[in-house]
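Chemist: Dumping the structure here so I can ask a few things about it.
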Amino acid sequence: MRDVNVAPYLAVSRTPRVPGFMLLMLLARIPATAAGMTVTMHVLLALERGYGAAGLVGAVSTIGIAVGSPLMGHLVDRRGLRAMLAVSMVSEGVFWFVAPLLSYPVLLVMCFVTGITVMPVMSLGRQILTALVPEDRRRTALAMDSMAVEVAFMAGPALGVALTTQASSRTAMWAIGAAMVVFGAVLCLVNPPVKSEGESGERVPRREWLDGRLLGVLMSAGGATFVLSGVEVAVVASMRDLGLTGWTGALVAVMCVSSLVGGFLYGGLNRVPPLWALMGGMGLLAVPIGLFGWSPWWLAVALIPTNFLCAPTITATGELITKYAPASARGVAMGLQGSAFTLGVAVGAPLTGVVIDHGGPGWGFAVAGAGAVAIAAGTELLSRRPRPVPVG
């Protein structure tokens, strides 16, 4: 780590428009990260349904987002940022206004439909940031973006819970909808670039850039969230077994801070490990975490190494996508990355949950880690397949 320095961060922070844009996207991501928790609590408290019903709402919303993310990216590539924002603002404004008034079956359908047109604030932030900074600063900029996402995930769900418990789920849902429309309007007004100056807008056939190497990167993106979601479920189960459920939030905070530190160090490196090594490292370090489940203190320490590699792995996937995908298809590529993140969570959390039900939390950590190692191996195999045509 002796090659780490803060100069790249200073250079990015001095880049015109970047600091203001990063602050705007951080704020825009907070209501987006609060959305899932708020809807879950609405189903549990206001609609008086069980955890299964709440989980089903989350599942159909996840599927909708996974389907819609590349479609919204395609809309940005072909029609521009404002066209995509107009669709999202109308869709989200209507959904969040009427959602508190809907019956459970109608809410279920609306969550899927609206998921397709959700404003892709995560992938959109990476795409705009890539356009604003020079190529030699993208690693640092994307590392800063990954750290900002961690902050949003620490603040958003907590804010959703606070609004729901202190006011009502209806108030929380209306607040989220209003915030998303406001941030969409601000982005429309500012209209930041989605391609760098001088980058070619010439369309490149998809078969020429969506090749083995890019598919490997997308696999790693899904693998990162697969292991992270699995570890989170196993942490919850471990604390429940110890009768210390109240500690869960503190352990999640340890995970987030570890990722923040790892992202900061990674963004200042001149030379970085290959993606498969970062992904495989996350998995290997997750496998033995369950051995420390007898103590919340030791479990917190054991969680640090795996989560330390979280932001670096996610940053690496974003950096490679900007390298492999042409500027004219960057929205689709970033959308596919978002879909991969979403699908990783959709597979990792329930799979680990089933393993925990049958074998206990320790096996949950082991399976989540082993899955990540397998994905890392697949990533390396796919990356060895050459691209048929290089994209300039």
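Order determines the names: the first chain of the structure tokens is A, the second B, and so forth; residues in each chain are numbered 1 upward, and ligands are numbered 1 upward as they are shown.
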Applying 9 Å and only C-alpha atoms, which residues near region 45-59 of chain A remain after dropping the ones on its own chain fewer than 5 positions away? List them as a list in words.

Modeler: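 Contacts, with the query itself left out: Gly36, Met37, Val39, Thr40, Gly64, Pro100, Ser103, Tyr104, Leu107, Leu108, Val109, Cys111, Phe112, Ser168, Ser169, Arg170 and Ala346 of chain A.
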
Chemist: Could you turn the residues from that selection into a file that holds C-alpha atoms, as a PDB file, in the first residue's frame?

Modeler:
ATOM      1  CA  GLY A  36     -36.822  -0.933  -0.368  1.00  0.00           C
ATOM      2  CA  MET A  37     -36.897  -0.716   3.426  1.00  0.00           C
ATOM      3  CA  VAL A  39     -41.970  -0.502   1.124  1.00  0.00           C
ATOM      4  CA  THR A  40     -41.097  -3.530   3.259  1.00  0.00           C
ATOM      5  CA  GLY A  64     -38.229  -5.130 -12.521  1.00  0.00           C
ATOM      6  CA  PRO A 100     -49.727   3.988   0.065  1.00  0.00           C
ATOM      7  CA  SER A 103     -54.066  -3.035  -1.929  1.00  0.00           C
ATOM      8  CA  TYR A 104     -51.339  -5.633  -1.643  1.00  0.00           C
ATOM      9  CA  LEU A 107     -48.908  -2.901  -5.085  1.00  0.00           C
ATOM     10  CA  LEU A 108     -47.152  -6.107  -6.095  1.00  0.00           C
ATOM     11  CA  VAL A 109     -47.833  -5.481  -9.790  1.00  0.00           C
ATOM     12  CA  CYS A 111     -43.630  -2.548  -7.896  1.00  0.00           C
ATOM     13  CA  PHE A 112     -42.610  -4.669 -10.865  1.00  0.00           C
ATOM     14  CA  SER A 168     -46.069   6.778   8.950  1.00  0.00           C
ATOM     15  CA  SER A 169     -45.176   4.629   5.959  1.00  0.00           C
ATOM     16  CA  ARG A 170     -47.453   6.838   3.852  1.00  0.00           C
ATOM     17  CA  ALA A 346     -31.477 -11.659  -5.574  1.00  0.00           C
TER      18      ALA A 346
END

Chemist: Contacts of Pro19 (chain A) at 12 Å or less, counting only C-alpha atoms, minus same-chain residues fewer than 4 places along, as a PyMOL selection string?

Modeler: chain A and resi 9-15+23-26+129+132-133+141+144-145+148

Chemist: Let's have the selection written as a PDB file, in the first residue's frame, with N, CA, C and O atoms.

Modeler:
ATOM      1  N   TYR A   9      -6.984  12.013  -5.597  1.00  0.00           N
ATOM      2  CA  TYR A   9      -8.245  12.516  -5.063  1.00  0.00           C
ATOM      3  C   TYR A   9      -8.321  14.036  -5.174  1.00  0.00           C
ATOM      4  O   TYR A   9      -9.379  14.598  -5.490  1.00  0.00           O
ATOM      5  N   LEU A  10      -7.205  14.695  -4.925  1.00  0.00           N
ATOM      6  CA  LEU A  10      -7.177  16.149  -5.065  1.00  0.00           C
ATOM      7  C   LEU A  10      -7.416  16.544  -6.516  1.00  0.00           C
ATOM      8  O   LEU A  10      -8.132  17.515  -6.801  1.00  0.00           O
ATOM      9  N   ALA A  11      -6.821  15.763  -7.442  1.00  0.00           N
ATOM     10  CA  ALA A  11      -6.996  16.069  -8.868  1.00  0.00           C
ATOM     11  C   ALA A  11      -8.454  15.912  -9.285  1.00  0.00           C
ATOM     12  O   ALA A  11      -9.001  16.747 -10.013  1.00  0.00           O
ATOM     13  N   VAL A  12      -9.108  14.848  -8.804  1.00  0.00           N
ATOM     14  CA  VAL A  12     -10.514  14.636  -9.148  1.00  0.00           C
ATOM     15  C   VAL A  12     -11.375  15.740  -8.545  1.00  0.00           C
ATOM     16  O   VAL A  12     -12.289  16.272  -9.192  1.00  0.00           O
ATOM     17  N   SER A  13     -11.099  16.095  -7.293  1.00  0.00           N
ATOM     18  CA  SER A  13     -11.917  17.113  -6.620  1.00  0.00           C
ATOM     19  C   SER A  13     -11.770  18.486  -7.262  1.00  0.00           C
ATOM     20  O   SER A  13     -12.643  19.344  -7.096  1.00  0.00           O
ATOM     21  N   ARG A  14     -10.676  18.701  -7.991  1.00  0.00           N
ATOM     22  CA  ARG A  14     -10.473  19.983  -8.672  1.00  0.00           C
ATOM     23  C   ARG A  14     -11.022  19.981 -10.094  1.00  0.00           C
ATOM     24  O   ARG A  14     -10.998  21.013 -10.769  1.00  0.00           O
ATOM     25  N   THR A  15     -11.492  18.836 -10.552  1.00  0.00           N
ATOM     26  CA  THR A  15     -12.045  18.755 -11.900  1.00  0.00           C
ATOM     27  C   THR A  15     -13.356  19.530 -11.957  1.00  0.00           C
ATOM     28  O   THR A  15     -14.221  19.347 -11.095  1.00  0.00           O
ATOM     29  N   LEU A  23     -21.895  15.395  -4.998  1.00  0.00           N
ATOM     30  CA  LEU A  23     -22.780  15.705  -3.872  1.00  0.00           C
ATOM     31  C   LEU A  23     -24.242  15.517  -4.267  1.00  0.00           C
ATOM     32  O   LEU A  23     -25.040  14.945  -3.509  1.00  0.00           O
ATOM     33  N   LEU A  24     -24.596  15.976  -5.465  1.00  0.00           N
ATOM     34  CA  LEU A  24     -25.967  15.820  -5.947  1.00  0.00           C
ATOM     35  C   LEU A  24     -26.346  14.349  -6.036  1.00  0.00           C
ATOM     36  O   LEU A  24     -27.440  13.940  -5.600  1.00  0.00           O
ATOM     37  N   MET A  25     -25.462  13.509  -6.581  1.00  0.00           N
ATOM     38  CA  MET A  25     -25.784  12.093  -6.733  1.00  0.00           C
ATOM     39  C   MET A  25     -25.818  11.375  -5.387  1.00  0.00           C
ATOM     40  O   MET A  25     -26.603  10.440  -5.195  1.00  0.00           O
ATOM     41  N   LEU A  26     -24.988  11.815  -4.446  1.00  0.00           N
ATOM     42  CA  LEU A  26     -25.067  11.232  -3.107  1.00  0.00           C
ATOM     43  C   LEU A  26     -26.441  11.486  -2.504  1.00  0.00           C
ATOM     44  O   LEU A  26     -27.088  10.575  -1.965  1.00  0.00           O
ATOM     45  N   LEU A 129     -20.041  10.476 -14.200  1.00  0.00           N
ATOM     46  CA  LEU A 129     -18.713  10.711 -13.644  1.00  0.00           C
ATOM     47  C   LEU A 129     -17.627  10.304 -14.635  1.00  0.00           C
ATOM     48  O   LEU A 129     -16.610  10.994 -14.791  1.00  0.00           O
ATOM     49  N   LEU A 132     -17.155  13.056 -17.060  1.00  0.00           N
ATOM     50  CA  LEU A 132     -16.623  14.318 -16.550  1.00  0.00           C
ATOM     51  C   LEU A 132     -15.128  14.283 -16.272  1.00  0.00           C
ATOM     52  O   LEU A 132     -14.467  15.329 -16.285  1.00  0.00           O
ATOM     53  N   VAL A 133     -14.577  13.111 -15.979  1.00  0.00           N
ATOM     54  CA  VAL A 133     -13.166  13.051 -15.597  1.00  0.00           C
ATOM     55  C   VAL A 133     -12.336  12.440 -16.725  1.00  0.00           C
ATOM     56  O   VAL A 133     -12.825  11.605 -17.491  1.00  0.00           O
ATOM     57  N   ALA A 141     -11.984   8.384  -9.411  1.00  0.00           N
ATOM     58  CA  ALA A 141     -13.336   8.925  -9.405  1.00  0.00           C
ATOM     59  C   ALA A 141     -14.357   7.836  -9.102  1.00  0.00           C
ATOM     60  O   ALA A 141     -15.298   8.044  -8.316  1.00  0.00           O
ATOM     61  N   MET A 144     -14.258   6.935  -5.467  1.00  0.00           N
ATOM     62  CA  MET A 144     -15.003   7.928  -4.685  1.00  0.00           C
ATOM     63  C   MET A 144     -16.503   7.682  -4.805  1.00  0.00           C
ATOM     64  O   MET A 144     -17.252   7.816  -3.830  1.00  0.00           O
ATOM     65  N   ASP A 145     -16.934   7.296  -6.000  1.00  0.00           N
ATOM     66  CA  ASP A 145     -18.357   7.016  -6.203  1.00  0.00           C
ATOM     67  C   ASP A 145     -18.787   5.796  -5.392  1.00  0.00           C
ATOM     68  O   ASP A 145     -19.872   5.790  -4.794  1.00  0.00           O
ATOM     69  N   ALA A 148     -19.234   6.822  -1.911  1.00  0.00           N
ATOM     70  CA  ALA A 148     -20.474   7.588  -1.749  1.00  0.00           C
ATOM     71  C   ALA A 148     -21.682   6.657  -1.688  1.00  0.00           C
ATOM     72  O   ALA A 148     -22.638   6.908  -0.936  1.00  0.00           O
TER      73      ALA A 148
END

Chemist: Pick from A:Met239, A:Leu275, A:Ala7, A:Ala376: nearest to Leu320 (chain A), with only C-alpha atoms counted?

Modeler: A:Leu275

Chemist: Applying 10 Å and only C-alpha atoms, which residues near Ala250 (chain A) remain after dropping the ones on its own chain fewer than 4 positions away? List them as a compact mmCIF listing (two decimals) with C-alpha atoms, in the first residue's frame.

Modeler:
# COMPACT_ATOMS: atom_id res chain seq x y z
CA GLY A 246 -29.49 -5.25 18.53
CA VAL A 254 -18.30 -2.16 10.48
CA MET A 255 -18.84 -3.72 7.05
CA CYS A 256 -19.58 -0.34 5.45
CA PRO A 296 -19.90 -10.28 18.26
CA ALA A 300 -16.81 -7.78 13.70

Chemist: Excluding Gly362 (chain A) and its own-chain neighbours fewer than 2 positions away, which residues fall within 9 Å of it when counting only C-alpha atoms? Please give them as a list in words.

Modeler: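 Final neighbour list, sorted by chain and number: Ala234, Ser238, Val287, Pro288, Ile289, Gly290, Leu291, Phe292, Gly293, Ile356, Gly359, Gly360, Gly364, Phe365, Ala366 and Val367 of chain A.
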
Chemist: Of the candidates A:Gly263, A:Gly338, A:Pro326, A:Gly125, which shows the shortest atom-to-atom distance to Leu187 (chain A), using only C-alpha atoms?

Modeler: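 So, comparing all the options, the nearest one is A:Gly125.
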
Chemist: Show which residues sit within 12 Å of Leu163 (chain A), as a PyMOL selection string. Count only C-alpha atoms, and ignore same-chain residues fewer than 2 positions away.

Modeler: chain A and resi 31+34-35+37-39+41-42+156-161+165-176

Chemist: Rounded to one decimal, what separation in Å do you get between CA of Ala178 (chain A) and CA of Leu142 (chain A)?

Modeler: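 So the answer is 27.8 Å.
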
Chemist: CA of Asp241 (chain A) to CA of Trp363 (chain A): how many Å, to one decimal?

Modeler: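 Result for CA of Asp241 (chain A) versus CA of Trp363 (chain A): 13.6 Å, one decimal.
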
Chemist: Using only C-alpha atoms for the distances, tell me which of A:Ala253, A:Leu218, A:Arg137, A:Ala99 is nearest to Glu232 (chain A).

Modeler: A:Ala253

Chemist: So which residues of region 155-381 of chain A fall under alpha helix (DSSP H) by DSSP, listed as a count of residues only?

Modeler: 180

Chemist: Record the distance separating CA of Arg79 (chain A) and CA of Val98 (chain A), expressed in Å with one decimal.

Modeler: 28.5 Å

Chemist: What lies within 9 Å of Phe264 (chain A) using only C-alpha atoms, ignoring chain neighbours under 5 positions off, as an MDAnalysis selection string?

Modeler: chainID A and resid 140 143:144 147 259 311:312

Chemist: Write the selection just made, keeping N, CA, C and O atoms, as a compact mmCIF listing (two decimals), in the first residue's frame?

Modeler:
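The result, written out as again.txt:
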# COMPACT_ATOMS: atom_id res chain seq x y z
N THR A 140 -9.84 6.59 -9.63
CA THR A 140 -10.03 7.34 -8.40
C THR A 140 -11.46 7.86 -8.29
O THR A 140 -12.09 7.79 -7.24
N ALA A 143 -13.78 5.07 -7.48
CA ALA A 143 -13.60 4.68 -6.08
C ALA A 143 -14.35 5.64 -5.17
O ALA A 143 -15.01 5.22 -4.20
N MET A 144 -14.26 6.94 -5.47
CA MET A 144 -15.00 7.93 -4.69
C MET A 144 -16.50 7.68 -4.81
O MET A 144 -17.25 7.82 -3.83
N MET A 147 -17.50 4.78 -2.62
CA MET A 147 -17.56 5.20 -1.22
C MET A 147 -18.84 5.99 -0.95
O MET A 147 -19.47 5.84 0.10
N SER A 259 -15.41 -1.22 3.89
CA SER A 259 -15.48 -1.01 2.45
C SER A 259 -15.03 0.40 2.07
O SER A 259 -14.33 0.60 1.08
N ALA A 311 -15.56 -2.31 -1.97
CA ALA A 311 -15.51 -1.13 -2.85
C ALA A 311 -14.45 -1.26 -3.94
O ALA A 311 -14.69 -0.87 -5.08
N PRO A 312 -13.24 -1.82 -3.63
CA PRO A 312 -12.28 -2.03 -4.73
C PRO A 312 -12.81 -2.92 -5.84
O PRO A 312 -12.58 -2.64 -7.02

Chemist: With only C-alpha atoms as the atoms that count, which of A:Met122, A:Val355, A:Val301, A:Ala83 lies nearest to Val233 (chain A)?

Modeler: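 Of the candidates, the smallest distance to Val233 (chain A) is held by A:Val355.
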